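Peer 1: Just passing along the structure, written as structure tokens.
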Amino acid sequence: MKNKQKLLDTQLYTLKTLNTPRAGRVLARWLVGISIVFFLMLFLPWQQNINGAGEVTAFTPSNRPQSVESTIAGRISGWKIREGQFVEEGDTLLTLTEVKDKYFDPALLVRVQEQVTAKESGIDSKQKKIEALQSQIKALNEVAAIKHQQTQNKLVQTKLKLTSDSVDMVSEKIRFKNFENQYERNKVLYEAGNIALTKFQDIESKFQSARMKVVSSENKFFQTKAALINARVDIAGVRAEYQDKISKAESNLSATFADLYDSEASLSKLQNEFANLRIRNTQYQVVAPQAGYVVQALQAGIGETIKEGEAVVTVMPSNPDMAVAMYVKAMDVPLLKKGRKVRIEFDGWPALQFSGWPNVAVGTFGGVVSVIDYVNSDGGEFRILVTPDPEDEPWPEQLRLGSGTKGWVMLDNVPVWYEIWRQLNGFPPSLYSRFGKDGKYKAKKEKVPKALKAAAKK
């Protein structure tokens, strides 16, 4: 029996060598198990994301590093701080001395003030002169009105006198005509010897006297008529005389006004120059615009000359509101919106990030998309600003502005197999997840809080 068994073992040795080794069976079981696990993992939820790199910055522009610039050109005479020192708002950083010969005079401010005072006194004098000229013009107008009224009265009186003289002249002519007729009749009677010579001579005397009165009344009438013409001429003369005086006074007044306006313009320039000098005197000390730390002195040497608007030192605000500036591709921008959650990895803080499963990530910090730029930055990428998530762990206090970061903007949940398929085809995230099997677009329903639903039912 033993020999038979031995013979069988000898004959079946080759067949036995064809059996599967134990180690192979174990490996096969492991491979099958891993395949099953991998297949099941394909149906696990995977949160899509958009990744991007960036740096730590401040959300508010005033909390970012500030370059302190010199308002005026000058020469550095001394530094009052050192790098890394904390300064309060208004603390002196450095002192400058003047480099422009226009401002070398130490008493320049006093001299300009004296010029301003002198110009103000000159303006006061011109204003008084204007008041005097205005009073003079007013007086001339009043006198001209009185003189004009006087000449008008004289003209009226002359007209009345001319009328009276005209009546007298006509009366004398009638009287003279009567005496002339009487003289002619008595002359005939006298030549006939009917009247005495004495009576004729008396009548002749009255006749000659009437003639003289006619001539006298005519002379008086023509004199009054000439006086009427003179009265009219006097009216025009008075008007022209006082109009000339008033015009000269008004011309002098206008010239004084022009001189006054020119002096006021010069005064404004002097006052502007005085104000600029007074402000310039306060610019020789470059002060800190806000509280913070002196990061870097951009100008170093004593006696070094700087220009207007040239940066001299950089100040970092003491309590900046931290944010992360991330840069994402242009194709990913339409998928972003404010309020999206972000996972951030900071340089210097070790982290293990599973982009699709943020809950198992280690060492990352939460953030929220707060700003999305409307224009692209250098390189064609768009910048987004991420602020700390108030519902997540606070960011490290040791963070410094300018530190590098990596970030993942969290999007929608999809199966793992879909994400692998999307990555292999190069499709953007979330863009095709809203299409059903029929190819029609399915709008994403917004979740309504339970409190709002209850309020709506009530």
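Ligands are numbered from 1 in the order shown, chains are lettered A, B, ... in the order of the structure tokens, and residues start at 1 in each chain.
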Give me, as an NGL selection string, all polymer residues having an atom no more than 12 Å from region 172-183 of chain A, counting only C-alpha atoms and skipping those fewer than 2 positions away in the same chain.
Peer 2: :A and (165-170 or 185-191 or 199-218 or 220-221)
Peer 1: Would you put the residues from that selection into a file with N, CA and C atoms, as a compact mmCIF listing (two decimals), in the first residue's frame?
Peer 2:
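And here is the file that came out, selection_14.txt:
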```txt
# COMPACT_ATOMS: atom_id res chain seq x y z
N ASP A 165 -43.97 191.76 -21.92
CA ASP A 165 -43.37 192.78 -22.78
C ASP A 165 -44.05 192.84 -24.13
N SER A 166 -44.48 191.68 -24.61
CA SER A 166 -45.20 191.66 -25.89
C SER A 166 -46.52 192.42 -25.79
N VAL A 167 -47.21 192.25 -24.65
CA VAL A 167 -48.48 192.97 -24.45
C VAL A 167 -48.22 194.48 -24.34
N ASP A 168 -47.15 194.84 -23.60
CA ASP A 168 -46.80 196.26 -23.47
C ASP A 168 -46.46 196.87 -24.82
N MET A 169 -45.72 196.11 -25.63
CA MET A 169 -45.31 196.64 -26.94
C MET A 169 -46.55 196.87 -27.83
N VAL A 170 -47.48 195.92 -27.80
CA VAL A 170 -48.69 196.08 -28.61
C VAL A 170 -49.51 197.27 -28.10
N ARG A 185 -54.30 215.32 -37.23
CA ARG A 185 -55.48 216.17 -37.27
C ARG A 185 -55.16 217.56 -36.74
N ASN A 186 -54.44 217.61 -35.62
CA ASN A 186 -54.11 218.92 -35.03
C ASN A 186 -53.12 219.67 -35.90
N LYS A 187 -52.31 218.95 -36.63
CA LYS A 187 -51.39 219.63 -37.52
C LYS A 187 -52.16 220.36 -38.61
N VAL A 188 -53.18 219.71 -39.11
CA VAL A 188 -54.01 220.36 -40.14
C VAL A 188 -54.74 221.58 -39.57
N LEU A 189 -55.22 221.41 -38.33
CA LEU A 189 -55.91 222.53 -37.67
C LEU A 189 -54.95 223.66 -37.39
N TYR A 190 -53.71 223.32 -37.00
CA TYR A 190 -52.74 224.34 -36.69
C TYR A 190 -52.36 225.09 -37.97
N GLU A 191 -52.18 224.38 -39.04
CA GLU A 191 -51.81 225.07 -40.29
C GLU A 191 -52.97 225.92 -40.77
N LYS A 199 -50.78 224.59 -27.93
CA LYS A 199 -51.52 223.32 -27.89
C LYS A 199 -50.97 222.32 -28.90
N PHE A 200 -50.57 222.84 -30.10
CA PHE A 200 -50.03 221.95 -31.12
C PHE A 200 -48.70 221.35 -30.67
N GLN A 201 -47.90 222.21 -30.03
CA GLN A 201 -46.61 221.72 -29.55
C GLN A 201 -46.80 220.69 -28.43
N ASP A 202 -47.81 220.89 -27.61
CA ASP A 202 -48.08 219.91 -26.55
C ASP A 202 -48.49 218.59 -27.16
N ILE A 203 -49.33 218.63 -28.19
CA ILE A 203 -49.74 217.38 -28.85
C ILE A 203 -48.55 216.73 -29.55
N GLU A 204 -47.71 217.58 -30.17
CA GLU A 204 -46.53 217.02 -30.86
C GLU A 204 -45.58 216.37 -29.86
N SER A 205 -45.46 216.93 -28.67
CA SER A 205 -44.59 216.36 -27.63
C SER A 205 -45.12 214.99 -27.17
N LYS A 206 -46.42 214.89 -26.99
CA LYS A 206 -47.01 213.61 -26.61
C LYS A 206 -46.84 212.57 -27.71
N PHE A 207 -46.91 213.05 -28.97
CA PHE A 207 -46.72 212.14 -30.09
C PHE A 207 -45.30 211.57 -30.10
N GLN A 208 -44.32 212.42 -29.92
CA GLN A 208 -42.92 211.96 -29.90
C GLN A 208 -42.66 211.05 -28.69
N SER A 209 -43.29 211.40 -27.58
CA SER A 209 -43.13 210.57 -26.37
C SER A 209 -43.73 209.18 -26.60
N ALA A 210 -44.87 209.10 -27.29
CA ALA A 210 -45.49 207.79 -27.59
C ALA A 210 -44.60 206.99 -28.52
N ARG A 211 -43.95 207.73 -29.50
CA ARG A 211 -43.03 207.01 -30.40
C ARG A 211 -41.86 206.42 -29.61
N MET A 212 -41.33 207.21 -28.69
CA MET A 212 -40.20 206.72 -27.90
C MET A 212 -40.62 205.51 -27.04
N LYS A 213 -41.81 205.56 -26.52
CA LYS A 213 -42.27 204.42 -25.71
C LYS A 213 -42.43 203.17 -26.55
N VAL A 214 -42.87 203.35 -27.82
CA VAL A 214 -42.98 202.19 -28.71
C VAL A 214 -41.59 201.57 -28.94
N VAL A 215 -40.63 202.43 -29.22
CA VAL A 215 -39.25 201.94 -29.44
C VAL A 215 -38.72 201.27 -28.17
N SER A 216 -39.00 201.89 -27.03
CA SER A 216 -38.54 201.33 -25.76
C SER A 216 -39.17 199.96 -25.47
N SER A 217 -40.50 199.88 -25.77
CA SER A 217 -41.18 198.59 -25.53
C SER A 217 -40.68 197.51 -26.48
N GLU A 218 -40.35 197.94 -27.74
CA GLU A 218 -39.79 196.97 -28.68
C GLU A 218 -38.41 196.47 -28.22
N LYS A 220 -37.32 196.44 -25.18
CA LYS A 220 -37.52 195.61 -24.00
C LYS A 220 -38.01 194.22 -24.40
N PHE A 221 -38.88 194.13 -25.41
CA PHE A 221 -39.39 192.85 -25.88
C PHE A 221 -38.26 192.00 -26.47
```
Peer 1: List every residue of region 229-303 of chain A that has an atom at most 12 Å from any atom of region 313-326 of chain A, and for each one report the closest atom pair and its distance in Å to one decimal, counting only C-alpha atoms, with rows sorted by chain and then by increasing residue number, as a Markdown table.
Peer 2:
```
| residue | atom | partner | partner_atom | distance |
| --- | --- | --- | --- | --- |
| A:Val286 | CA | A:Val313 | CA | 9.7 |
| A:Val287 | CA | A:Val313 | CA | 10.3 |
| A:Ala288 | CA | A:Val315 | CA | 7.7 |
| A:Pro289 | CA | A:Val315 | CA | 8.6 |
| A:Gln290 | CA | A:Pro317 | CA | 7.0 |
| A:Ala291 | CA | A:Pro317 | CA | 5.9 |
| A:Gly292 | CA | A:Pro317 | CA | 4.0 |
| A:Tyr293 | CA | A:Met316 | CA | 5.1 |
| A:Val294 | CA | A:Val315 | CA | 4.6 |
| A:Val295 | CA | A:Thr314 | CA | 5.4 |
| A:Gln296 | CA | A:Thr314 | CA | 5.3 |
| A:Ala297 | CA | A:Val313 | CA | 4.3 |
| A:Leu298 | CA | A:Val313 | CA | 5.1 |
| A:Gln299 | CA | A:Val313 | CA | 7.1 |
| A:Ala300 | CA | A:Val313 | CA | 9.4 |
```
Peer 1: How about saving the chosen residues, N, CA and C atoms kept, as a compact mmCIF listing (two decimals), in the first residue's frame?
Peer 2:
```
# COMPACT_ATOMS: atom_id res chain seq x y z
N VAL A 286 8.08 114.41 8.39
CA VAL A 286 7.26 113.36 7.79
C VAL A 286 6.71 112.50 8.92
N VAL A 287 5.38 112.43 9.03
CA VAL A 287 4.74 111.75 10.16
C VAL A 287 4.02 110.50 9.67
N ALA A 288 3.75 109.60 10.62
CA ALA A 288 3.05 108.35 10.31
C ALA A 288 1.57 108.63 10.05
N PRO A 289 1.02 108.15 8.93
CA PRO A 289 -0.40 108.40 8.63
C PRO A 289 -1.35 107.62 9.53
N GLN A 290 -0.87 106.50 10.11
CA GLN A 290 -1.69 105.70 10.99
C GLN A 290 -0.78 104.84 11.85
N ALA A 291 -1.38 104.25 12.88
CA ALA A 291 -0.59 103.42 13.78
C ALA A 291 -0.17 102.14 13.08
N GLY A 292 1.08 101.70 13.31
CA GLY A 292 1.56 100.49 12.69
C GLY A 292 3.04 100.29 12.95
N TYR A 293 3.61 99.33 12.22
CA TYR A 293 5.01 98.99 12.37
C TYR A 293 5.79 99.49 11.16
N VAL A 294 6.97 100.05 11.43
CA VAL A 294 7.84 100.50 10.36
C VAL A 294 8.47 99.26 9.73
N VAL A 295 8.12 99.01 8.48
CA VAL A 295 8.58 97.79 7.81
C VAL A 295 9.93 97.99 7.15
N GLN A 296 10.05 99.08 6.38
CA GLN A 296 11.28 99.27 5.62
C GLN A 296 11.49 100.74 5.35
N ALA A 297 12.72 101.20 5.55
CA ALA A 297 13.10 102.56 5.20
C ALA A 297 13.60 102.55 3.76
N LEU A 298 12.90 103.26 2.87
CA LEU A 298 13.25 103.26 1.45
C LEU A 298 14.34 104.27 1.12
N GLN A 299 14.56 105.24 1.99
CA GLN A 299 15.66 106.20 1.87
C GLN A 299 16.51 106.08 3.13
N ALA A 300 17.80 106.12 2.97
CA ALA A 300 18.64 105.76 4.10
C ALA A 300 19.49 106.90 4.64
```
Peer 1: So that I can see what lies close to region 327-334 of chain A, please list as a ChimeraX atom specification the residues with an atom at most 6 Å from it, counting only C-alpha atoms and leaving out residues fewer than 6 positions away in the same chain.
Peer 2: /A:52-54,381-383
Peer 1: Once you have the residues from the selection above, write them out as a tab-separated table (two decimals), in the first residue's frame, restricted to C-alpha atoms.
Peer 2:
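What follows is the written file part.tsv:
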```
chain	number	residue	atom	x	y	z
A	52	GLY	CA	-6.03	78.60	-7.02
A	53	ALA	CA	-2.92	80.06	-5.47
A	54	GLY	CA	-2.56	83.48	-3.89
A	381	GLU	CA	-6.50	85.20	-14.26
A	382	PHE	CA	-9.16	86.78	-12.09
A	383	ARG	CA	-8.62	87.76	-8.48
```
Peer 1: Can you pull out every residue within 12 Å of Ser268 (chain A), counting only C-alpha atoms, but drop anything in the same chain fewer than 4 positions away, and send it as an MDAnalysis selection string?
Peer 2: chainID A and resid 115:117 119:120 123 261:264 272:275
Peer 1: Apply DSSP to the backbone of this structure and, from region 192-440 of chain A, keep only the residues in helix (DSSP H, G or I); write these as an NGL selection string.
Peer 2: :A and (192 or 197-281 or 330-335 or 358-360 or 378-380 or 416-425)
Peer 1: Store the residues of this selection in a file with C-alpha atoms, as a compact mmCIF listing (two decimals), in the first residue's frame.
Peer 2:
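Output saved as again-v1.txt:
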```
# COMPACT_ATOMS: atom_id res chain seq x y z
CA ALA A 192 -55.33 226.34 -40.83
CA LEU A 197 -49.15 226.86 -31.33
CA THR A 198 -48.83 225.96 -27.68
CA LYS A 199 -51.52 223.32 -27.89
CA PHE A 200 -50.03 221.95 -31.12
CA GLN A 201 -46.61 221.72 -29.55
CA ASP A 202 -48.08 219.91 -26.55
CA ILE A 203 -49.74 217.38 -28.85
CA GLU A 204 -46.53 217.02 -30.86
CA SER A 205 -44.59 216.36 -27.63
CA LYS A 206 -47.01 213.61 -26.61
CA PHE A 207 -46.72 212.14 -30.09
CA GLN A 208 -42.92 211.96 -29.90
CA SER A 209 -43.13 210.57 -26.37
CA ALA A 210 -45.49 207.79 -27.59
CA ARG A 211 -43.03 207.01 -30.40
CA MET A 212 -40.20 206.72 -27.90
CA LYS A 213 -42.27 204.42 -25.71
CA VAL A 214 -42.98 202.19 -28.71
CA VAL A 215 -39.25 201.94 -29.44
CA SER A 216 -38.54 201.33 -25.76
CA SER A 217 -41.18 198.59 -25.53
CA GLU A 218 -39.79 196.97 -28.68
CA ASN A 219 -36.29 197.07 -27.25
CA LYS A 220 -37.52 195.61 -24.00
CA PHE A 221 -39.39 192.85 -25.88
CA PHE A 222 -36.34 191.90 -27.94
CA GLN A 223 -34.15 191.92 -24.82
CA THR A 224 -36.55 189.55 -23.08
CA LYS A 225 -36.63 187.38 -26.18
CA ALA A 226 -32.83 187.25 -26.16
CA ALA A 227 -32.93 186.43 -22.44
CA LEU A 228 -35.30 183.52 -23.25
CA ILE A 229 -32.77 182.15 -25.75
CA ASN A 230 -30.01 182.58 -23.18
CA ALA A 231 -32.11 180.75 -20.58
CA ARG A 232 -32.50 177.82 -22.94
CA VAL A 233 -28.78 177.87 -23.64
CA ASP A 234 -28.10 177.97 -19.88
CA ILE A 235 -30.16 174.79 -19.39
CA ALA A 236 -28.07 172.93 -21.98
CA GLY A 237 -24.89 174.43 -20.53
CA VAL A 238 -25.72 173.37 -16.97
CA ARG A 239 -26.56 169.86 -18.17
CA ALA A 240 -23.31 169.59 -20.15
CA GLU A 241 -21.19 171.12 -17.37
CA TYR A 242 -22.39 168.76 -14.64
CA GLN A 243 -22.53 165.77 -16.96
CA ASP A 244 -18.85 166.35 -17.66
CA LYS A 245 -18.04 166.56 -13.96
CA ILE A 246 -20.12 163.45 -13.19
CA SER A 247 -18.51 161.53 -16.08
CA LYS A 248 -15.04 162.39 -14.82
CA ALA A 249 -15.96 161.30 -11.31
CA GLU A 250 -17.52 158.04 -12.59
CA SER A 251 -14.44 157.38 -14.73
CA ASN A 252 -12.24 157.90 -11.70
CA LEU A 253 -14.56 155.61 -9.73
CA SER A 254 -14.33 152.87 -12.39
CA ALA A 255 -10.54 153.15 -12.45
CA THR A 256 -10.48 152.89 -8.67
CA PHE A 257 -12.72 149.82 -8.80
CA ALA A 258 -10.39 148.21 -11.35
CA ASP A 259 -7.42 149.01 -9.16
CA LEU A 260 -9.29 147.60 -6.16
CA TYR A 261 -10.09 144.34 -7.96
CA ASP A 262 -6.48 144.02 -9.09
CA SER A 263 -5.33 144.61 -5.51
CA GLU A 264 -7.80 142.01 -4.23
CA ALA A 265 -6.47 139.50 -6.77
CA SER A 266 -2.91 140.26 -5.65
CA LEU A 267 -4.03 139.91 -2.03
CA SER A 268 -5.58 136.52 -2.78
CA LYS A 269 -2.32 135.37 -4.36
CA LEU A 270 -0.34 136.60 -1.36
CA GLN A 271 -2.76 134.93 1.07
CA ASN A 272 -2.52 131.72 -0.96
CA GLU A 273 1.26 131.93 -0.89
CA PHE A 274 1.21 132.64 2.85
CA ALA A 275 -1.07 129.65 3.48
CA ASN A 276 1.13 127.42 1.32
CA LEU A 277 4.24 128.57 3.20
CA ARG A 278 2.58 127.97 6.55
CA ILE A 279 1.54 124.46 5.47
CA ARG A 280 4.98 123.84 3.95
CA ASN A 281 6.57 124.64 7.30
CA ALA A 330 -11.14 82.75 -16.45
CA MET A 331 -13.15 79.61 -17.30
CA ASP A 332 -13.92 79.11 -13.58
CA VAL A 333 -15.16 82.65 -12.87
CA PRO A 334 -18.78 82.07 -14.06
CA LEU A 335 -19.07 79.29 -11.46
CA PRO A 358 -13.12 68.83 2.93
CA ASN A 359 -14.44 67.28 6.14
CA VAL A 360 -11.43 64.96 6.41
CA ASP A 378 -1.78 89.87 -15.09
CA GLY A 379 -1.66 86.47 -16.76
CA GLY A 380 -5.37 86.49 -17.65
CA VAL A 416 -16.71 60.28 -7.68
CA TRP A 417 -17.18 58.57 -11.04
CA TYR A 418 -18.63 61.79 -12.49
CA GLU A 419 -15.65 63.81 -11.25
CA ILE A 420 -13.21 61.31 -12.79
CA TRP A 421 -15.14 61.44 -16.05
CA ARG A 422 -15.16 65.28 -15.96
CA GLN A 423 -11.43 65.43 -15.28
CA LEU A 424 -10.63 63.00 -18.11
CA ASN A 425 -12.73 65.10 -20.55
```
Peer 1: Using DSSP assignments from the backbone, pull out every residue in region 294-352 of chain A that falls under strand (DSSP E or B) and give it to me as JSON, numbers by chain.
Peer 2: {"A": [294, 295, 296, 297, 305, 306, 311, 312, 313, 314, 315, 316, 317, 322, 323, 324, 325, 326, 327, 328, 341, 342, 343, 344, 345, 346, 352]}
Peer 1: To one decimal place, how far is CA of Gly348 (chain A) from CA of Gly407 (chain A) in Å?
Peer 2: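 Taking CA of Gly348 (chain A) and CA of Gly407 (chain A), their separation equals 14.4 Å.
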Peer 1: Can you work out the spacing between CA of Pro390 (chain A) and CA of Gly366 (chain A) in Å, to one decimal?
Peer 2: 8.5 Å
Peer 1: Which one is closest to Ser77 (chain A): A:Gly122, A:Gly193, A:Pro350, A:Gly301? Count only C-alpha atoms.
Peer 2: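 Smallest distance to Ser77 (chain A) is found for A:Gly301.
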